[in-house]
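model35.pdb follows; it contains PDB, C-alpha atoms, pLDDT in the B column.
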```pdb
ATOM      1  CA  MET R   1      90.477 134.673 190.915  1.00 46.00           C
ATOM      2  CA  ALA R   2      90.127 138.286 191.951  1.00 49.00           C
ATOM      3  CA  GLU R   3      89.396 139.021 195.595  1.00 47.00           C
ATOM      4  CA  SER R   4      87.286 141.963 196.689  1.00 50.00           C
ATOM      5  CA  GLY R   5      86.538 142.749 200.315  1.00 50.00           C
ATOM      6  CA  GLY R   6      87.596 139.258 201.385  1.00 51.00           C
ATOM      7  CA  LEU R   7      84.903 137.593 199.229  1.00 67.00           C
ATOM      8  CA  GLY R   8      85.902 135.271 196.383  1.00 74.00           C
ATOM      9  CA  MET R   9      84.713 136.614 193.035  1.00 79.00           C
ATOM     10  CA  LYS R  10      84.391 134.477 189.913  1.00 84.00           C
ATOM     11  CA  ASN R  11      85.200 135.788 186.486  1.00 91.00           C
ATOM     12  CA  VAL R  12      81.854 136.251 184.744  1.00 93.00           C
ATOM     13  CA  TYR R  13      83.258 134.998 181.421  1.00 94.00           C
ATOM     14  CA  GLU R  14      84.552 131.823 183.068  1.00 93.00           C
ATOM     15  CA  VAL R  15      81.137 131.216 184.644  1.00 93.00           C
ATOM     16  CA  LEU R  16      79.457 131.817 181.268  1.00 94.00           C
ATOM     17  CA  ARG R  17      81.868 129.436 179.520  1.00 94.00           C
ATOM     18  CA  GLN R  18      81.212 126.736 182.140  1.00 95.00           C
ATOM     19  CA  LYS R  19      77.432 127.155 181.855  1.00 95.00           C
ATOM     20  CA  GLU R  20      77.626 126.904 178.049  1.00 96.00           C
ATOM     21  CA  MET R  21      79.677 123.716 178.358  1.00 96.00           C
ATOM     22  CA  ASP R  22      77.132 122.328 180.839  1.00 96.00           C
ATOM     23  CA  LEU R  23      74.280 123.179 178.476  1.00 96.00           C
ATOM     24  CA  THR R  24      76.031 121.441 175.564  1.00 95.00           C
ATOM     25  CA  ARG R  25      76.608 118.345 177.713  1.00 96.00           C
ATOM     26  CA  VAL R  26      72.971 118.236 178.849  1.00 96.00           C
ATOM     27  CA  ARG R  27      71.720 118.627 175.267  1.00 96.00           C
ATOM     28  CA  GLN R  28      73.914 115.691 174.216  1.00 96.00           C
ATOM     29  CA  GLU R  29      72.566 113.621 177.115  1.00 95.00           C
ATOM     30  CA  VAL R  30      68.981 114.444 176.153  1.00 95.00           C
ATOM     31  CA  GLU R  31      69.674 113.489 172.534  1.00 94.00           C
ATOM     32  CA  ALA R  32      71.192 110.185 173.666  1.00 94.00           C
ATOM     33  CA  LEU R  33      68.211 109.478 175.931  1.00 92.00           C
ATOM     34  CA  ARG R  34      65.781 110.198 173.105  1.00 92.00           C
ATOM     35  CA  TYR R  35      67.675 107.652 171.015  1.00 89.00           C
ATOM     36  CA  VAL R  36      67.829 104.864 173.605  1.00 89.00           C
ATOM     37  CA  ALA R  37      64.471 105.365 175.342  1.00 88.00           C
ATOM     38  CA  PRO R  38      62.501 103.437 172.694  1.00 86.00           C
ATOM     39  CA  LEU R  39      65.115 100.693 172.786  1.00 84.00           C
ATOM     40  CA  LEU R  40      64.750 100.310 176.555  1.00 83.00           C
ATOM     41  CA  SER R  41      60.987 100.239 176.734  1.00 80.00           C
ATOM     42  CA  GLU R  42      58.225  98.589 174.806  1.00 64.00           C
ATOM     43  CA  GLN R  43      56.495 101.053 172.516  1.00 62.00           C
ATOM     44  CA  ARG R  44      52.727 100.856 172.981  1.00 50.00           C
ATOM     45  CA  GLU R  45      50.041 102.429 170.854  1.00 43.00           C
ATOM     46  CA  ASP R  46      48.657 104.286 173.874  1.00 52.00           C
ATOM     47  CA  GLN R  47      52.064 105.573 174.989  1.00 57.00           C
ATOM     48  CA  PRO R  48      52.501 109.261 174.118  1.00 62.00           C
ATOM     49  CA  GLN R  49      55.412 110.147 171.895  1.00 63.00           C
ATOM     50  CA  ILE R  50      58.219 112.301 173.284  1.00 64.00           C
ATOM     51  CA  SER R  51      58.074 115.797 171.859  1.00 66.00           C
ATOM     52  CA  GLU R  52      60.587 118.605 171.814  1.00 63.00           C
ATOM     53  CA  PRO R  53      60.455 120.741 174.962  1.00 62.00           C
ATOM     54  CA  ASN R  54      59.379 124.355 174.872  1.00 62.00           C
ATOM     55  CA  LEU R  55      62.682 126.116 175.486  1.00 62.00           C
ATOM     56  CA  GLY R  56      61.048 129.536 175.702  1.00 62.00           C
ATOM     57  CA  GLY R  57      60.190 129.293 179.387  1.00 60.00           C
ATOM     58  CA  PRO R  58      61.808 128.149 182.605  1.00 61.00           C
ATOM     59  CA  MET R  59      63.222 124.689 182.511  1.00 59.00           C
ATOM     60  CA  ARG R  60      64.064 122.109 185.158  1.00 60.00           C
ATOM     61  CA  ILE R  61      66.884 119.750 184.273  1.00 57.00           C
ATOM     62  CA  VAL R  62      67.419 116.559 186.205  1.00 58.00           C
ATOM     63  CA  VAL R  63      70.488 114.494 185.427  1.00 56.00           C
ATOM     64  CA  ALA R  64      70.847 111.033 186.905  1.00 57.00           C
ATOM     65  CA  GLU R  65      73.593 108.488 186.724  1.00 61.00           C
ATOM     66  CA  ALA R  66      73.077 105.386 184.619  1.00 58.00           C
ATOM     67  CA  PRO R  67      71.735 102.413 186.590  1.00 51.00           C
ATOM     68  CA  ALA R  68      74.447 100.074 187.820  1.00 57.00           C
ATOM     69  CA  SER R  69      72.534  96.837 187.260  1.00 70.00           C
ATOM     70  CA  PRO R  70      69.721  95.368 185.144  1.00 72.00           C
ATOM     71  CA  ALA R  71      67.551  95.238 188.287  1.00 75.00           C
ATOM     72  CA  GLU R  72      67.946  98.998 188.791  1.00 73.00           C
ATOM     73  CA  LEU R  73      67.083  99.569 185.120  1.00 71.00           C
ATOM     74  CA  GLU R  74      63.904  97.498 185.533  1.00 73.00           C
ATOM     75  CA  ALA R  75      62.961  99.506 188.642  1.00 74.00           C
ATOM     76  CA  LEU R  76      63.415 102.759 186.707  1.00 71.00           C
ATOM     77  CA  LYS R  77      61.276 101.485 183.826  1.00 71.00           C
ATOM     78  CA  ARG R  78      58.475 100.533 186.259  1.00 75.00           C
ATOM     79  CA  ARG R  79      58.539 104.016 187.843  1.00 74.00           C
ATOM     80  CA  ALA R  80      58.258 105.780 184.463  1.00 62.00           C
TER      81      ALA R  80
END
```

This structure in structure tokens:
Amino acid sequence: MAESGGLGMKNVYEVLRQKEMDLTRVRQEVEALRYVAPLLSEQREDQPQISEPNLGGPMRIVVAEAPASPAELEALKRRA
């Protein structure tokens, strides 16, 4: 890493590469969640279908760890 004025500076291309890798990982996680979500919950007629997000605007991404137990999974399903 290059130092300038005592402040640590990151290589902009390394930051870009890391962000692209993060984006790829998150897209894969979203795809996996779209696949398993119907398997984990009962599909009801009145339940809205998941649609593709509008990627044209700002986006908030929340990534959580998988539940450690069936009880935690049930708690997550009740909150949704």

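Taking CA of Arg78 in chain R as the reference point, CA of Leu40 in chain R is found at 11.6 Å.
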
note - CA of Lys10 in chain R and CA of Leu23 in chain R are separated by 19.0 Å

As a check of understanding: the span from CA of Pro38 in chain R to CA of Glu20 in chain R is 28.4 Å

Mind listing whatever residues come within 12 Å of the point (65.0, 91.8, 180.6)? Use all atoms listed in the file, file coordinates, and give them as an NGL selection string.
:R and (39-42 or 69-75 or 77)
